[in-house]
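Note: the block below is start_30.pdb and it holds PDB, C-alpha atoms.
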ATOM      1  CA  MET A   9     -24.045  36.951  26.797
ATOM      2  CA  ARG A  10     -23.579  33.235  26.104
ATOM      3  CA  VAL A  11     -26.602  33.242  23.823
ATOM      4  CA  VAL A  12     -25.219  36.211  21.879
ATOM      5  CA  LYS A  13     -21.859  34.430  21.376
ATOM      6  CA  LEU A  14     -23.612  31.250  20.331
ATOM      7  CA  VAL A  15     -25.751  33.118  17.785
ATOM      8  CA  PHE A  16     -22.616  34.912  16.500
ATOM      9  CA  TRP A  17     -20.740  31.666  15.895
ATOM     10  CA  ILE A  18     -23.766  30.040  14.270
ATOM     11  CA  LEU A  19     -24.057  33.002  11.898
ATOM     12  CA  MET A  20     -20.326  32.887  11.145
ATOM     13  CA  GLY A  21     -20.554  29.183  10.380
ATOM     14  CA  ALA A  22     -23.519  29.726   8.082
ATOM     15  CA  LEU A  23     -21.657  32.568   6.336
ATOM     16  CA  LEU A  24     -18.569  30.415   5.758
ATOM     17  CA  LEU A  25     -20.682  27.551   4.429
ATOM     18  CA  GLY A  26     -22.422  30.004   2.116
ATOM     19  CA  CYS A  27     -19.085  31.277   0.816
ATOM     20  CA  PHE A  28     -17.829  27.751   0.132
ATOM     21  CA  GLY A  29     -21.157  26.847  -1.486
ATOM     22  CA  CYS A  30     -21.005  29.852  -3.820
ATOM     23  CA  ALA A  31     -17.492  29.060  -5.038
ATOM     24  CA  LYS A  32     -17.504  28.148  -8.722
ATOM     25  CA  LYS A  33     -15.504  25.218 -10.067
ATOM     26  CA  THR A  34     -12.872  26.171 -12.631
ATOM     27  CA  VAL A  35     -11.101  23.872 -15.049
ATOM     28  CA  THR A  36      -7.840  24.955 -16.683
ATOM     29  CA  ARG A  37      -5.903  22.885 -19.170
ATOM     30  CA  ILE A  38      -2.209  22.611 -18.291
ATOM     31  CA  SER A  39       0.781  21.011 -19.969
ATOM     32  CA  THR A  40       1.167  17.280 -19.327
ATOM     33  CA  ASP A  41       4.791  18.015 -18.346
ATOM     34  CA  THR A  42       3.682  20.360 -15.552
ATOM     35  CA  VAL A  43       4.672  19.085 -12.103
ATOM     36  CA  THR A  44       1.503  18.803 -10.012
ATOM     37  CA  ASP A  45       1.113  17.434  -6.513
ATOM     38  CA  LEU A  46      -2.328  18.191  -5.092
ATOM     39  CA  SER A  47      -2.944  15.188  -2.851
ATOM     40  CA  GLY A  48       0.640  14.147  -2.152
ATOM     41  CA  ARG A  49      -0.053  10.672  -3.525
ATOM     42  CA  TRP A  50       1.919   8.960  -6.305
ATOM     43  CA  ASN A  51       0.971  10.644  -9.585
ATOM     44  CA  ASP A  52       1.840  10.925 -13.279
ATOM     45  CA  THR A  53       4.854  13.135 -12.548
ATOM     46  CA  ASP A  54       6.320  10.530 -10.171
ATOM     47  CA  SER A  55       5.715   7.776 -12.736
ATOM     48  CA  ARG A  56       7.413   9.682 -15.552
ATOM     49  CA  LEU A  57      10.393  11.018 -13.600
ATOM     50  CA  VAL A  58      11.126   7.736 -11.791
ATOM     51  CA  SER A  59      10.963   5.695 -15.000
ATOM     52  CA  GLU A  60      13.223   8.122 -16.895
ATOM     53  CA  GLU A  61      15.821   8.293 -14.099
ATOM     54  CA  MET A  62      15.886   4.549 -13.487
ATOM     55  CA  ILE A  63      16.123   3.560 -17.150
ATOM     56  CA  ALA A  64      18.898   6.129 -17.706
ATOM     57  CA  ASP A  65      20.767   4.524 -14.788
ATOM     58  CA  CYS A  66      20.089   1.016 -16.135
ATOM     59  CA  LEU A  67      21.532   1.883 -19.549
ATOM     60  CA  MET A  68      24.753   3.252 -18.043
ATOM     61  CA  HIS A  69      25.775  -0.031 -16.421
ATOM     62  CA  SER A  70      28.119  -2.752 -17.619
ATOM     63  CA  TRP A  71      25.508  -5.305 -18.755
ATOM     64  CA  LYS A  72      24.850  -3.345 -21.971
ATOM     65  CA  PRO A  73      28.435  -3.208 -23.332
ATOM     66  CA  ARG A  74      28.876  -6.857 -22.315
ATOM     67  CA  HIS A  75      25.775  -7.745 -24.348
ATOM     68  CA  TRP A  76      27.094  -5.879 -27.410
ATOM     69  CA  GLU A  77      30.461  -7.580 -27.060
ATOM     70  CA  THR A  78      28.858 -11.039 -26.869
ATOM     71  CA  TYR A  79      25.944 -10.775 -29.312
ATOM     72  CA  LYS A  80      26.935  -7.844 -31.575
ATOM     73  CA  GLU A  81      23.379  -6.506 -31.573
ATOM     74  CA  LYS A  82      20.977  -4.347 -29.598
ATOM     75  CA  PRO A  83      19.615  -6.015 -26.412
ATOM     76  CA  VAL A  84      15.932  -6.985 -26.415
ATOM     77  CA  VAL A  85      13.972  -6.368 -23.205
ATOM     78  CA  ILE A  86      10.514  -7.322 -22.020
ATOM     79  CA  VAL A  87       8.942  -5.488 -19.092
ATOM     80  CA  GLY A  88       7.319  -8.081 -16.853
ATOM     81  CA  ILE A  89       5.474  -7.751 -13.557
ATOM     82  CA  ILE A  90       5.933  -4.677 -11.372
ATOM     83  CA  ARG A  91       4.063  -5.246  -8.114
ATOM     84  CA  ASN A  92       2.372  -2.490  -6.182
ATOM     85  CA  LYS A  93       2.944  -3.325  -2.498
ATOM     86  CA  SER A  94       2.374   0.266  -1.411
ATOM     87  CA  SER A  95      -0.449   1.604   0.746
ATOM     88  CA  GLU A  96      -1.914   3.439  -2.275
ATOM     89  CA  HIS A  97      -3.609   2.603  -5.525
ATOM     90  CA  ILE A  98      -0.884   3.076  -8.153
ATOM     91  CA  ALA A  99      -1.562   2.754 -11.871
ATOM     92  CA  VAL A 100       1.176   0.196 -12.519
ATOM     93  CA  ASP A 101       0.261  -0.106 -16.213
ATOM     94  CA  THR A 102       1.035   3.607 -16.642
ATOM     95  CA  PHE A 103       4.399   3.121 -14.928
ATOM     96  CA  ILE A 104       5.205   0.138 -17.165
ATOM     97  CA  GLY A 105       4.281   2.240 -20.208
ATOM     98  CA  ASP A 106       6.628   5.002 -19.020
ATOM     99  CA  ILE A 107       9.443   2.457 -18.580
ATOM    100  CA  GLU A 108       8.922   1.051 -22.089
ATOM    101  CA  ARG A 109       8.846   4.579 -23.523
ATOM    102  CA  ALA A 110      12.103   5.497 -21.769
ATOM    103  CA  PHE A 111      13.778   2.354 -23.151
ATOM    104  CA  ILE A 112      12.527   2.912 -26.707
ATOM    105  CA  ASN A 113      13.311   6.642 -26.721
ATOM    106  CA  SER A 114      16.887   5.871 -25.704
ATOM    107  CA  GLY A 115      17.408   4.069 -29.024
ATOM    108  CA  GLU A 116      19.697   1.614 -27.237
ATOM    109  CA  VAL A 117      17.241  -1.193 -26.464
ATOM    110  CA  ALA A 118      14.465  -3.001 -28.339
ATOM    111  CA  ILE A 119      11.235  -3.722 -26.442
ATOM    112  CA  VAL A 120       9.000  -6.708 -27.154
ATOM    113  CA  ALA A 121       5.333  -7.125 -26.330
ATOM    114  CA  SER A 122       4.126  -8.387 -22.961
ATOM    115  CA  ALA A 123       2.456 -11.792 -22.542
ATOM    116  CA  GLU A 124      -1.023 -10.235 -22.760
ATOM    117  CA  GLU A 125      -0.126  -8.210 -25.850
ATOM    118  CA  ARG A 126       1.430 -11.264 -27.528
ATOM    119  CA  GLU A 127      -1.822 -13.190 -27.189
ATOM    120  CA  GLN A 128      -3.671 -10.427 -29.046
ATOM    121  CA  VAL A 129      -0.993 -10.333 -31.742
ATOM    122  CA  ARG A 130      -1.112 -14.114 -32.153
ATOM    123  CA  ASP A 131      -4.890 -14.027 -32.496
ATOM    124  CA  GLU A 132      -4.506 -11.429 -35.252
ATOM    125  CA  ARG A 133      -1.796 -13.514 -36.950
ATOM    126  CA  ALA A 134      -4.071 -16.568 -36.813
ATOM    127  CA  ASP A 135      -6.853 -14.577 -38.485
ATOM    128  CA  GLN A 136      -4.461 -13.495 -41.210
ATOM    129  CA  GLN A 137      -3.782 -17.129 -42.149
ATOM    130  CA  ASP A 138      -7.432 -17.400 -43.228
ATOM    131  CA  TYR A 139      -8.347 -13.918 -44.373
ATOM    132  CA  ALA A 140      -5.228 -11.998 -45.502
ATOM    133  CA  SER A 141      -3.581 -12.304 -48.894
ATOM    134  CA  GLU A 142      -0.418 -14.391 -49.171
ATOM    135  CA  GLU A 143       1.600 -11.246 -49.899
ATOM    136  CA  THR A 144       0.548  -9.504 -46.680
ATOM    137  CA  MET A 145      -0.009 -12.358 -44.225
ATOM    138  CA  LYS A 146       2.583 -12.565 -41.438
ATOM    139  CA  ARG A 147       4.354 -15.856 -40.825
ATOM    140  CA  TRP A 148       4.430 -17.913 -37.619
ATOM    141  CA  GLY A 149       7.651 -18.531 -35.748
ATOM    142  CA  MET A 150       9.224 -15.152 -36.494
ATOM    143  CA  GLU A 151       8.758 -13.492 -33.099
ATOM    144  CA  LYS A 152      11.757 -11.805 -31.536
ATOM    145  CA  GLY A 153      12.715 -13.405 -28.225
ATOM    146  CA  ALA A 154      13.702 -11.171 -25.310
ATOM    147  CA  ASP A 155      17.238 -11.310 -23.898
ATOM    148  CA  TYR A 156      16.297  -9.681 -20.587
ATOM    149  CA  MET A 157      13.221  -9.210 -18.413
ATOM    150  CA  MET A 158      12.629  -6.218 -16.163
ATOM    151  CA  GLY A 159      10.479  -6.532 -13.044
ATOM    152  CA  GLY A 160      10.171  -4.918  -9.673
ATOM    153  CA  VAL A 161       8.098  -3.627  -6.784
ATOM    154  CA  ILE A 162       6.793  -0.321  -5.412
ATOM    155  CA  THR A 163       6.523   0.001  -1.609
ATOM    156  CA  THR A 164       5.650   2.788   0.817
ATOM    157  CA  ILE A 165       6.191   3.697   4.457
ATOM    158  CA  THR A 166       3.783   6.250   5.944
ATOM    159  CA  ASP A 167       4.362   8.302   9.103
ATOM    160  CA  GLU A 168       1.345  10.365  10.176
ATOM    161  CA  GLU A 169       0.264  12.395  13.185
ATOM    162  CA  GLU A 170      -2.125  15.293  13.852
ATOM    163  CA  GLY A 171      -2.802  16.237  10.253
ATOM    164  CA  GLU A 172       0.809  15.939   9.115
ATOM    165  CA  LYS A 173       2.058  13.061   7.021
ATOM    166  CA  VAL A 174       5.315  11.887   5.466
ATOM    167  CA  VAL A 175       5.111   9.243   2.747
ATOM    168  CA  PHE A 176       8.280   7.421   1.699
ATOM    169  CA  TYR A 177       8.162   5.651  -1.668
ATOM    170  CA  GLN A 178      10.728   3.096  -2.749
ATOM    171  CA  VAL A 179      10.855   1.670  -6.261
ATOM    172  CA  ASP A 180      13.086  -1.378  -6.794
ATOM    173  CA  LEU A 181      13.641  -2.648 -10.330
ATOM    174  CA  ASN A 182      15.811  -5.480 -11.612
ATOM    175  CA  LEU A 183      16.939  -6.714 -15.001
ATOM    176  CA  ILE A 184      17.334 -10.489 -15.419
ATOM    177  CA  HIS A 185      19.158 -12.322 -18.215
ATOM    178  CA  LEU A 186      16.581 -14.814 -19.511
ATOM    179  CA  GLU A 187      19.076 -17.476 -20.517
ATOM    180  CA  ASP A 188      20.790 -17.999 -17.159
ATOM    181  CA  ASN A 189      18.523 -16.077 -14.697
ATOM    182  CA  SER A 190      21.391 -13.832 -13.580
ATOM    183  CA  LYS A 191      20.477 -10.364 -12.358
ATOM    184  CA  VAL A 192      22.518  -7.955 -14.449
ATOM    185  CA  TRP A 193      21.198  -4.689 -12.965
ATOM    186  CA  LEU A 194      19.495  -3.637  -9.739
ATOM    187  CA  GLY A 195      18.058  -0.146  -9.480
ATOM    188  CA  GLN A 196      16.436   1.764  -6.650
ATOM    189  CA  LYS A 197      14.695   5.138  -6.498
ATOM    190  CA  LYS A 198      13.390   6.785  -3.312
ATOM    191  CA  ILE A 199      10.899   9.643  -2.969
ATOM    192  CA  LYS A 200       9.846  11.284   0.297
ATOM    193  CA  LYS A 201       6.816  13.585   0.443
ATOM    194  CA  TYR A 202       5.669  15.783   3.317
ATOM    195  CA  ILE A 203       1.943  16.493   3.335
ATOM    196  CA  GLY A 204       0.765  19.136   5.802
ATOM    197  CA  ARG A 205      -2.309  21.296   6.233
ATOM    198  CA  LYS A 206      -2.178  25.066   6.549
ATOM    199  CA  LYS A 207      -3.922  26.351   9.634
ATOM    200  CA  VAL A 208      -6.821  28.688   8.883
ATOM    201  CA  SER A 209      -6.900  31.812  11.070
ATOM    202  CA  PHE A 210      -9.674  34.385  11.356
TER     203      PHE A 210
END
Encoded form (structure tokens):
Amino acid sequence: MRVVKLVFWILMGALLLGCFGCAKKTVTRISTDTVTDLSGRWNDTDSRLVSEEMIADCLMHSWKPRHWETYKEKPVVIVGIIRNKSSEHIAVDTFIGDIERAFINSGEVAIVASAEEREQVRDERADQQDYASEETMKRWGMEKGADYMMGGVITTITDEEEGEKVVFYQVDLNLIHLEDNSKVWLGQKKIKKYIGRKKVSF
């Protein structure tokens, strides 16, 4: 009887493996705005939604009208370093791009190039001094200086046991006035994700 049961379970296992092996991979194009969460890890949806919410909050605070009152022009922001101190690999460059896009799309803030981008622009400007016509060459010393710098950090706390997991994400951003180093805005966004596995029954 034991042998019969053993043979039965071996055959069942082989059958299941065969079924999984025969499954065909399918690829379907979906809208980039579609909310997807297959693994439970930080993804493009988190990056986009967090950046949009946090920048909307940033633009509602008192630093912006104070800037207009003092300088009579649109504030200029540079997005600096956002550190990933989470337990996951997070594409920080994508998050920074989403933040810059949210600022620019608001129409209320001007964004200037990062340090790395400025080096590339300056190299191009240097080339123009030798190879571009006088009418089209761009002059030195005309760069727009930033009034504020945004930076921040992404952290996680993970609680896991017996196939179930809860991941808590916290994004902290700050906006610093470059002339006097005062922090004019502090923002925080929290996300909590439960990741569980469905039990398979036969």
Open item on the list: Using only C-alpha atoms, which protein or nucleic acid residues come within 12 Å of A:Glu124? Drop anything in the same chain fewer than 5 positions from it, and give the result as a list in words.
Closed with: Ile86, Val87, Gly88, Ile89, Val129, Arg130 and Asp131 of chain A
Residues as selected, C-alpha atoms, written as a compact mmCIF listing (two decimals), in the coordinates of the input, can you do that?
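File produced: selection.txt:
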# COMPACT_ATOMS: atom_id res chain seq x y z
CA ILE A 86 10.51 -7.32 -22.02
CA VAL A 87 8.94 -5.49 -19.09
CA GLY A 88 7.32 -8.08 -16.85
CA ILE A 89 5.47 -7.75 -13.56
CA VAL A 129 -0.99 -10.33 -31.74
CA ARG A 130 -1.11 -14.11 -32.15
CA ASP A 131 -4.89 -14.03 -32.50
TODO: Output the residue selection produced by the PyMOL selection byres ((chain A and resi 195) around 6) on the file above, formatted as a PyMOL selection string.
DONE: chain A and resi 180-181+194+196
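If you look at atom CA of A:Lys72 and atom CA of A:Gln178, they are 24.7 Å away from each other.
With distances restricted to all atoms listed in the file, A:Phe111 is the closest residue to A:Ile63 from A:Trp148, A:Phe111, A:Tyr139, A:Trp193.
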Can you give me, as a tab-separated table (two decimals) with C-alpha atoms, keeping the file's coordinate frame, the residues this file yields under the PyMOL selection byres ((chain A and resi 47-57) around 12)?
chain	number	residue	atom	x	y	z
A	39	SER	CA	0.78	21.01	-19.97
A	40	THR	CA	1.17	17.28	-19.33
A	41	ASP	CA	4.79	18.02	-18.35
A	42	THR	CA	3.68	20.36	-15.55
A	43	VAL	CA	4.67	19.08	-12.10
A	44	THR	CA	1.50	18.80	-10.01
A	45	ASP	CA	1.11	17.43	-6.51
A	46	LEU	CA	-2.33	18.19	-5.09
A	58	VAL	CA	11.13	7.74	-11.79
A	59	SER	CA	10.96	5.70	-15.00
A	60	GLU	CA	13.22	8.12	-16.90
A	61	GLU	CA	15.82	8.29	-14.10
A	62	MET	CA	15.89	4.55	-13.49
A	63	ILE	CA	16.12	3.56	-17.15
A	64	ALA	CA	18.90	6.13	-17.71
A	92	ASN	CA	2.37	-2.49	-6.18
A	94	SER	CA	2.37	0.27	-1.41
A	95	SER	CA	-0.45	1.60	0.75
A	96	GLU	CA	-1.91	3.44	-2.28
A	97	HIS	CA	-3.61	2.60	-5.52
A	98	ILE	CA	-0.88	3.08	-8.15
A	99	ALA	CA	-1.56	2.75	-11.87
A	100	VAL	CA	1.18	0.20	-12.52
A	101	ASP	CA	0.26	-0.11	-16.21
A	102	THR	CA	1.03	3.61	-16.64
A	103	PHE	CA	4.40	3.12	-14.93
A	104	ILE	CA	5.20	0.14	-17.16
A	105	GLY	CA	4.28	2.24	-20.21
A	106	ASP	CA	6.63	5.00	-19.02
A	107	ILE	CA	9.44	2.46	-18.58
A	108	GLU	CA	8.92	1.05	-22.09
A	109	ARG	CA	8.85	4.58	-23.52
A	110	ALA	CA	12.10	5.50	-21.77
A	162	ILE	CA	6.79	-0.32	-5.41
A	163	THR	CA	6.52	0.00	-1.61
A	164	THR	CA	5.65	2.79	0.82
A	166	THR	CA	3.78	6.25	5.94
A	172	GLU	CA	0.81	15.94	9.12
A	173	LYS	CA	2.06	13.06	7.02
A	174	VAL	CA	5.32	11.89	5.47
A	175	VAL	CA	5.11	9.24	2.75
A	176	PHE	CA	8.28	7.42	1.70
A	177	TYR	CA	8.16	5.65	-1.67
A	178	GLN	CA	10.73	3.10	-2.75
A	179	VAL	CA	10.86	1.67	-6.26
A	197	LYS	CA	14.70	5.14	-6.50
A	198	LYS	CA	13.39	6.78	-3.31
A	199	ILE	CA	10.90	9.64	-2.97
A	200	LYS	CA	9.85	11.28	0.30
A	201	LYS	CA	6.82	13.58	0.44
A	202	TYR	CA	5.67	15.78	3.32
A	203	ILE	CA	1.94	16.49	3.34
A	204	GLY	CA	0.76	19.14	5.80
A	205	ARG	CA	-2.31	21.30	6.23
Open item on the list: Can you measure atom CA of A:Arg126 to atom CA of A:Arg91 for me? One decimal in Å is fine.
Closed with: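 Here the two named atoms are 20.5 Å from each other.
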Task: Coordinates-based distance that separates atom CA of A:Gly115 from atom CA of A:Glu127 (Å, one decimal) - done: 25.9 Å
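Residue nearest A:Trp76 within the list A:Ser141, A:Arg133, A:Lys32, A:Asp155: A:Asp155 [criterion: smallest interatomic distance, only C-alpha atoms].
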